[in-house]
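Asks: Sending over a structure as structure tokens; questions will come in a sec.
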Amino acid sequence: MTLDALDFQLVNDWQRDFPLVSRPYAELAHRLGISEAEVISRLHQLAEDGTVSRIGAVFRPHTLGWSTLAAVSVAPARIESVAKSISAYPEVNHNYEREHDFNLWFVATAPTATRVEEVLGEIGDLAGSPVLDLPMQEDFHIDLGFDLTGAPRPHLDPTRRRDEPEEISLEAADYSLAAALEGGLNLTPRPYAALATRLGWREEAVLTRLARLSDLGVIRRFGIVVRHRELGYHANAMVVWDVPDTEITTVGHALAAQRAVTLCYRRPRRPPHWRYNLFSMLHGQDRGAVLEELARLRGELGLEHIACEPLFSHRRFKQCGARYSALAKVA
């Protein structure tokens, strides 16, 4: 999909730091030099076209409940039926077919690790396959938006150990707010007031709590969440690496600093089925562009000695924000 200049600014510039003010669309309108009504109309159209998934929060993993990346191996003739069953779980928010013997990859989020384990067990039974359970162990670069301009990424501090965050005490109201934000902000002039009405709060209380969760790092980013394929990035590869444990922090930070890498994180090996411990995401307009970028990364970063495998996605069966309604009930 080709965006005009104003739509490009909307989806590129406000994927993070979305205004926490009573009339956020009016604030965007002021910066773009158009009316509030036009901003809302454009976002409506982008949502209808599928370019914009939602406007809302991306939460840091393992702060609200437990989440994991998982995969199963399914015979080609059963992929669609098994994928449909997996997507039916409210705990599953992403579900993709990828090129590998383990060909269905999904993310599960639940109030507790025990519930995630139960879901994975049920999915393993219906798939008739061992389940790779791959929770994130170290975060080098995750979900900070998808820059469409090609601008260099801000410097990442390699001493920042986000895999060992400070203990954060969350309140029941934080879980309630996360649940209310599942579907994203309304496209109305005062979306935070609408959110407050659903919660039985005051608008000021919503804005204050969102600012607090952002300052604490519980909200990793707050803004427009886009869909890459609809923006023309049709090739999507999860590149997995078998990095010596003594090198993984160095390699992880080196990959995370690359503009082409949109996600980079450490996950456990699962022998004998799974040898890889570092995951990175590359997006491109076609397969050749992604493979060319991977070759460049390996050469320029001196990673030729490290085994890797690009797992291209074939089909997207489900993509939405994590569901936190159950977490609010538990809290």
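If you're wondering about the labels, chains in the structure tokens are A, B, ... by order shown, residues count from 1 in each chain, ligands from 1 in order shown.
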Pull the helix (DSSP H, G or I) assignments for region 61-288 of chain A out of DSSP run on the backbone, and list those residues as an MDAnalysis selection string.
Replies: chainID A and resid 76:87 113:127 172:180 191:199 203:216 229:231 248:256 287:288
Asks: Pick out the residues sitting within 10 Å of region 274-276 of chain A, and hand them over as a list of chain:residue names; count only C-alpha atoms, and ignore anything fewer than 4 positions along from it in its own chain.
Replies: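 Surrounding residues, per the criterion: A:Phe102, A:Leu132, A:Leu134, A:Val239, A:Val240, A:Trp241, A:Asp242, A:Val243, A:Pro244, A:Arg266, A:Arg267, A:Pro268, A:Arg269, A:Arg270, A:Ala307, A:Cys308, A:Glu309.
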Asks: Hey, can you spit out that residue selection with C-alpha atoms as a compact mmCIF listing (two decimals), in the first residue's frame?
Replies:
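Output file result.txt is given in full below:
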```txt
# COMPACT_ATOMS: atom_id res chain seq x y z
CA PHE A 102 8.34 -26.56 13.23
CA LEU A 132 8.82 -25.67 21.64
CA LEU A 134 10.71 -20.47 24.16
CA VAL A 239 16.39 -15.31 11.74
CA VAL A 240 17.52 -17.74 14.44
CA TRP A 241 21.16 -18.04 15.49
CA ASP A 242 23.18 -20.72 17.30
CA VAL A 243 25.46 -18.39 19.26
CA PRO A 244 28.09 -19.65 21.73
CA ARG A 266 17.59 -14.42 23.61
CA ARG A 267 15.51 -17.56 24.12
CA PRO A 268 16.44 -21.02 25.43
CA ARG A 269 17.70 -23.93 23.37
CA ARG A 270 15.46 -27.01 23.50
CA ALA A 307 25.14 -20.87 12.24
CA CYS A 308 21.83 -19.19 11.45
CA GLU A 309 18.61 -19.95 9.62
```
Asks: Considering only C-alpha atoms, return as a ChimeraX atom specification whatever protein or nucleic-acid residues lie within 10 Å of region 279-290 of chain A, sequence-local ones (same chain, fewer than 5 positions apart) excluded.
Replies: /A:136,140-142,146,228-229,231-242,252,255-256,259-267,295-296,308-312
Asks: Write to file, as a compact mmCIF listing (two decimals), in the first residue's frame, the residues of the selection just made, with C-alpha atoms.
Replies:
```txt
# COMPACT_ATOMS: atom_id res chain seq x y z
CA MET A 136 12.30 -14.58 26.32
CA PHE A 140 18.26 -6.64 23.24
CA HIS A 141 15.72 -4.79 21.09
CA ILE A 142 12.00 -5.47 21.05
CA PHE A 146 8.97 0.16 12.66
CA HIS A 228 4.22 -4.65 8.01
CA ARG A 229 2.75 -6.58 5.07
CA LEU A 231 2.96 -1.38 4.23
CA GLY A 232 4.65 -3.33 1.44
CA TYR A 233 7.09 -5.35 3.56
CA HIS A 234 5.89 -8.71 2.27
CA ALA A 235 8.96 -10.72 3.26
CA ASN A 236 9.25 -11.44 6.96
CA ALA A 237 12.02 -13.66 8.32
CA MET A 238 12.64 -14.71 11.88
CA VAL A 239 16.39 -15.31 11.74
CA VAL A 240 17.52 -17.74 14.44
CA TRP A 241 21.16 -18.04 15.49
CA ASP A 242 23.18 -20.72 17.30
CA GLY A 252 22.83 -9.64 20.54
CA LEU A 255 22.44 -7.11 15.87
CA ALA A 256 20.12 -4.91 17.93
CA ARG A 259 18.43 -0.55 11.58
CA ALA A 260 17.23 -3.58 9.59
CA VAL A 261 16.73 -5.64 12.75
CA THR A 262 13.31 -4.89 14.22
CA LEU A 263 13.47 -7.39 17.11
CA CYS A 264 16.35 -9.14 18.85
CA TYR A 265 16.12 -11.37 21.90
CA ARG A 266 17.59 -14.42 23.61
CA ARG A 267 15.51 -17.56 24.12
CA ALA A 295 24.36 -11.63 4.18
CA ARG A 296 25.41 -8.03 4.79
CA CYS A 308 21.83 -19.19 11.45
CA GLU A 309 18.61 -19.95 9.62
CA PRO A 310 16.02 -17.52 8.21
CA LEU A 311 12.49 -18.76 8.87
CA PHE A 312 10.33 -16.89 6.36
```
Asks: Rounded to one decimal in Å, what is the spacing between CA of Gly65 (chain A) and CA of Val21 (chain A)?
Replies: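 Taking CA of Gly65 (chain A) and CA of Val21 (chain A), their separation equals 28.1 Å.
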Asks: Can you work out the spacing between CA of Pro111 (chain A) and CA of Trp66 (chain A) in Å, to one decimal?
Replies: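 Pair CA of Pro111 (chain A) / CA of Trp66 (chain A) returns 6.0 Å.
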Asks: Give the answer as one residue: which of A:Asp125, A:Leu216, A:Gly56, A:Ala37 has the shortest atom-to-atom distance to Ile86 (chain A), using only C-alpha atoms?
Replies: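 The shortest atom-to-atom distance to Ile86 (chain A) comes from A:Asp125.
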Asks: Identify which of the residues A:Pro189, A:Val72, A:Pro272, A:Gly200 lies closest to Glu38 (chain A), counting only C-alpha atoms when measuring atom-to-atom distances.
Replies: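 Closest candidate: A:Pro189.
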Asks: For a test of reading the model, state the distance in Å between CA of Lys318 (chain A) and CA of Ser85 (chain A), rounded to one decimal.
Replies: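 Answer for the CA of Lys318 (chain A) to CA of Ser85 (chain A) separation: 11.2 Å.
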Asks: I'd like the neighbourhood of region 27-36 of chain A as a short mmCIF file (atom, residue, chain, number, x, y, z; two decimals) with C-alpha atoms, in the first residue's frame, where a residue qualifies if any of its atoms comes within 9 Å (using only C-alpha atoms), though same-chain residues fewer than 5 positions away should be ignored.
Replies:
```
data_model
loop_
_atom_site.label_atom_id
_atom_site.label_comp_id
_atom_site.auth_asym_id
_atom_site.auth_seq_id
_atom_site.Cartn_x
_atom_site.Cartn_y
_atom_site.Cartn_z
CA LEU A 6 0.35 12.84 5.71
CA GLN A 9 3.81 10.83 8.94
CA LEU A 10 0.94 9.45 10.98
CA TRP A 14 3.58 8.25 16.26
CA PHE A 18 1.66 9.10 21.35
CA PRO A 19 0.32 12.23 23.11
CA VAL A 21 -3.32 14.65 26.53
CA SER A 41 -10.75 10.16 9.38
CA PRO A 189 -11.85 13.31 19.94
#
```
Asks: Out of region 201-274 of chain A, which residues get strand (DSSP E or B) from DSSP, as a PyMOL selection string?
Replies: chain A and resi 219-226+235-242+261-266+270+274
Asks: Emit the selected residues as a PDB file, in the first residue's frame, including C-alpha atoms.
Replies:
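Writing done, so here's out_30.pdb:
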```
ATOM      1  CA  ILE A 219       4.667   0.098  28.767  1.00  0.00           C
ATOM      2  CA  ARG A 220       7.503  -0.364  26.279  1.00  0.00           C
ATOM      3  CA  ARG A 221       5.894   1.976  23.790  1.00  0.00           C
ATOM      4  CA  PHE A 222       2.547   3.690  23.380  1.00  0.00           C
ATOM      5  CA  GLY A 223       1.330   4.612  19.931  1.00  0.00           C
ATOM      6  CA  ILE A 224       0.248   3.379  16.530  1.00  0.00           C
ATOM      7  CA  VAL A 225       0.811  -0.327  15.902  1.00  0.00           C
ATOM      8  CA  VAL A 226       1.246  -1.066  12.192  1.00  0.00           C
ATOM      9  CA  ALA A 235       8.965 -10.716   3.257  1.00  0.00           C
ATOM     10  CA  ASN A 236       9.246 -11.436   6.961  1.00  0.00           C
ATOM     11  CA  ALA A 237      12.023 -13.660   8.317  1.00  0.00           C
ATOM     12  CA  MET A 238      12.635 -14.707  11.882  1.00  0.00           C
ATOM     13  CA  VAL A 239      16.387 -15.309  11.745  1.00  0.00           C
ATOM     14  CA  VAL A 240      17.522 -17.737  14.436  1.00  0.00           C
ATOM     15  CA  TRP A 241      21.158 -18.037  15.486  1.00  0.00           C
ATOM     16  CA  ASP A 242      23.181 -20.720  17.302  1.00  0.00           C
ATOM     17  CA  VAL A 261      16.727  -5.638  12.754  1.00  0.00           C
ATOM     18  CA  THR A 262      13.311  -4.885  14.224  1.00  0.00           C
ATOM     19  CA  LEU A 263      13.472  -7.389  17.110  1.00  0.00           C
ATOM     20  CA  CYS A 264      16.349  -9.138  18.847  1.00  0.00           C
ATOM     21  CA  TYR A 265      16.116 -11.371  21.904  1.00  0.00           C
ATOM     22  CA  ARG A 266      17.586 -14.421  23.606  1.00  0.00           C
ATOM     23  CA  ARG A 270      15.463 -27.012  23.499  1.00  0.00           C
ATOM     24  CA  TRP A 274      15.956 -26.850  18.825  1.00  0.00           C
TER      25      TRP A 274
END
```
Asks: Hey, what's within 9 Å of Leu120 (chain A) if we count only C-alpha atoms and toss same-chain stuff fewer than 5 positions away? As a list of chain:residue names, please?
Replies: A:Ala70, A:Ala108, A:Arg115, A:Asp125, A:Val131, A:Leu132, A:Asp133
Asks: Just to be explicit: take each residue in the selection above, keep N, CA and C atoms, and write the result as a CSV table (one decimal), in the first residue's frame.
Replies:
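The file below, again_9.csv, is the result:
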```csv
chain,number,residue,atom,x,y,z
A,70,ALA,N,6.1,-20.0,21.0
A,70,ALA,CA,6.0,-21.4,21.0
A,70,ALA,C,5.8,-21.9,19.5
A,108,ALA,N,1.8,-16.9,23.2
A,108,ALA,CA,0.7,-17.1,24.2
A,108,ALA,C,1.0,-16.3,25.4
A,115,ARG,N,-0.8,-21.3,33.5
A,115,ARG,CA,-1.9,-21.3,32.5
A,115,ARG,C,-1.2,-21.4,31.1
A,125,ASP,N,-1.3,-31.5,22.2
A,125,ASP,CA,-2.2,-32.6,22.0
A,125,ASP,C,-2.9,-32.5,20.7
A,131,VAL,N,6.0,-29.4,21.7
A,131,VAL,CA,5.8,-28.0,21.6
A,131,VAL,C,7.1,-27.4,22.1
A,132,LEU,N,7.7,-26.5,21.2
A,132,LEU,CA,8.8,-25.7,21.6
A,132,LEU,C,8.3,-24.5,22.5
A,133,ASP,N,8.7,-24.5,23.7
A,133,ASP,CA,8.3,-23.4,24.7
A,133,ASP,C,9.6,-22.5,24.8
```
